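K.L.:
Please find one structure pasted underneath; my questions will follow.
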Amino acid sequence: MATEHAASKRRRARNKEYTFVSVFFVLIFLGLAGYLVYFNAIKRDSFINSPYNTRQDTFADRVVRGNIMSSDGEILAQTNVSDDGTEERSYPYSNIFAHVVGYDTNGKSGLESEANFQLLSSHEFFLTQIRNEFAGAKNVGDTVVSTLNADLQTTAYNSLGDRRGAVVVLQPSTGKILAMVSKPDFDPNTIAANWEQLVMMRQTAAF
């Protein structure tokens, strides 16, 4: 009788160990599943759109960067493709939208950085995408429409004149940014050629 009781106690002890190990691995599995769901469902866009995400560089091999437009239909940034396939990013308004739209050369800033994933994503008709895939051609990236108003931005830029400072125009009911101007400014069309000069000016301004 005592032998059976001792054996029963040993079995219960082993069962507790097995249960503990099983629960431990189940918790690890649930933790990993939660981790994947969190980063794929909640943090997905912020990680994909991070400037440190090198995966975005591969999108440019398949997609022509899309346009950035103002709310009143003006093109603020576009990609010009030459006959030999060379791409050049251009900014029709030059200095006027420099800080808020940003640039796509020597890194990225402004909307060019914030909307990078959208600009390098293409939602063209799927048959067009298939045809381009077989032809070795690129798809056209999506257009990003900002809340900026070209007329207000131009007026604010001209009103600031040669003075240093900033002008921000908001829509009170929604908080939308209608205009955002800052001076000194720069021409994003020539930023590659003037990069070293701009860096030196920024460092001088910081001191």
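Ordered as shown in the structure tokens, chains take letters A, B, and onward, while each chain numbers its residues from 1 and ligands are numbered from 1 in the order shown.
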Please build the interface table for stretch 99-174 of chain A against stretch 67-78 of chain A with a cut-off of 9 Å, listing for each qualifying residue the nearest atom pair and the distance in Å to one decimal; count only C-alpha atoms, order rows by chain and increasing number, and write it as a tab-separated table.
P.N.:
```
residue	atom	partner	partner_atom	distance
A:Val101	CA	A:Leu76	CA	7.4
A:Tyr103	CA	A:Ala77	CA	8.8
A:Leu111	CA	A:Ile68	CA	8.1
A:Glu112	CA	A:Ile68	CA	8.2
A:Leu119	CA	A:Asn67	CA	7.1
A:Gly141	CA	A:Asn67	CA	7.6
A:Asp142	CA	A:Asn67	CA	7.1
A:Thr143	CA	A:Asn67	CA	4.7
A:Val144	CA	A:Ile68	CA	4.9
A:Val145	CA	A:Met69	CA	4.8
A:Ser146	CA	A:Ser70	CA	5.2
A:Thr147	CA	A:Ser71	CA	5.1
A:Leu148	CA	A:Ser70	CA	5.1
A:Asn149	CA	A:Ser71	CA	5.6
A:Ala150	CA	A:Ser70	CA	6.1
A:Asp151	CA	A:Asp72	CA	8.4
```
K.L.:
Could you save the residues just selected, with C-alpha atoms, as a tab-separated table (two decimals), in the first residue's frame?
P.N.:
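Result file follows (result-v4.tsv):
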```tsv
chain	number	residue	atom	x	y	z
A	101	VAL	CA	7.84	68.58	-49.70
A	103	TYR	CA	13.87	66.13	-51.49
A	111	LEU	CA	6.83	64.43	-47.66
A	112	GLU	CA	9.36	62.60	-49.83
A	119	LEU	CA	5.20	56.84	-53.67
A	141	GLY	CA	3.90	54.75	-58.40
A	142	ASP	CA	0.86	56.07	-56.59
A	143	THR	CA	0.17	59.79	-56.41
A	144	VAL	CA	0.17	61.35	-52.94
A	145	VAL	CA	-2.21	64.28	-52.54
A	146	SER	CA	-1.24	66.59	-49.69
A	147	THR	CA	-3.39	69.09	-47.80
A	148	LEU	CA	-1.15	71.92	-49.00
A	149	ASN	CA	-2.68	74.71	-51.07
A	150	ALA	CA	-0.36	76.01	-53.80
A	151	ASP	CA	-1.87	79.52	-53.86
```
K.L.:
Looking only at strand (DSSP E) from DSSP on the backbone, list the matching residues of stretch 65-129 of chain A as a VMD selection string.
P.N.:
chain A and resid 68 to 69 75 to 81 87 to 90
K.L.:
Next, the residues of the selection above should be written as a compact mmCIF listing (two decimals), in the first residue's frame with N, CA and C atoms.
P.N.:
```
# COMPACT_ATOMS: atom_id res chain seq x y z
N ILE A 68 3.79 63.96 -56.09
CA ILE A 68 3.21 64.61 -54.92
C ILE A 68 2.45 65.82 -55.42
N MET A 69 1.20 65.95 -54.99
CA MET A 69 0.35 67.04 -55.49
C MET A 69 -0.22 67.86 -54.35
N ILE A 75 1.13 69.97 -59.28
CA ILE A 75 2.19 69.00 -59.08
C ILE A 75 3.34 69.64 -58.31
N LEU A 76 3.68 69.06 -57.18
CA LEU A 76 4.76 69.59 -56.34
C LEU A 76 6.06 68.81 -56.51
N ALA A 77 5.94 67.56 -56.91
CA ALA A 77 7.12 66.72 -57.18
C ALA A 77 6.72 65.66 -58.19
N GLN A 78 7.61 65.42 -59.15
CA GLN A 78 7.33 64.42 -60.17
C GLN A 78 8.63 63.80 -60.65
N THR A 79 8.50 62.63 -61.29
CA THR A 79 9.66 61.95 -61.85
C THR A 79 9.60 62.01 -63.36
N ASN A 80 10.61 62.60 -63.96
CA ASN A 80 10.71 62.67 -65.41
C ASN A 80 11.55 61.51 -65.90
N VAL A 81 11.01 60.76 -66.87
CA VAL A 81 11.72 59.60 -67.42
C VAL A 81 12.12 59.92 -68.85
N GLU A 87 15.87 58.38 -64.90
CA GLU A 87 14.85 59.07 -64.10
C GLU A 87 15.44 60.27 -63.37
N GLU A 88 14.68 61.34 -63.35
CA GLU A 88 15.11 62.54 -62.64
C GLU A 88 13.93 63.11 -61.87
N ARG A 89 14.12 63.31 -60.58
CA ARG A 89 13.07 63.88 -59.74
C ARG A 89 13.11 65.39 -59.88
N SER A 90 11.95 66.00 -60.16
CA SER A 90 11.91 67.45 -60.34
C SER A 90 10.82 68.07 -59.48
```
K.L.:
Report, in Å to a single decimal, how far apart atom CA of A:Val181 and atom CA of A:Gly110 are.
P.N.:
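One can read the atom CA of A:Gly110 to atom CA of A:Val181 distance as 12.1 Å.
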K.L.:
When you count only C-alpha atoms, which of these residues is closest to A:Asp185: A:Gly85, A:Gly34, A:Gly102, A:Pro172?
P.N.:
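The shortest atom-to-atom distance to A:Asp185 comes from A:Gly102.
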K.L.:
What does the distance from atom CA of A:Phe20 to atom CA of A:Leu36 come to in Å, to one decimal?
P.N.:
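We find that atom CA of A:Phe20 and atom CA of A:Leu36 lie 24.5 Å from each other.
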K.L.:
With only C-alpha atoms as the basis for distance, which of A:Val100, A:Val63, A:Glu17, A:Asn158 is at the shortest distance from A:Glu114?
P.N.:
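When distances to A:Glu114 are compared using only C-alpha atoms, the smallest one comes from A:Val100.
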K.L.:
Hey, can you check how far atom CA of A:Ser173 sits from atom CA of A:His99?
P.N.:
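Atom-to-atom, atom CA of A:Ser173 and atom CA of A:His99 are spaced 24.4 Å apart.
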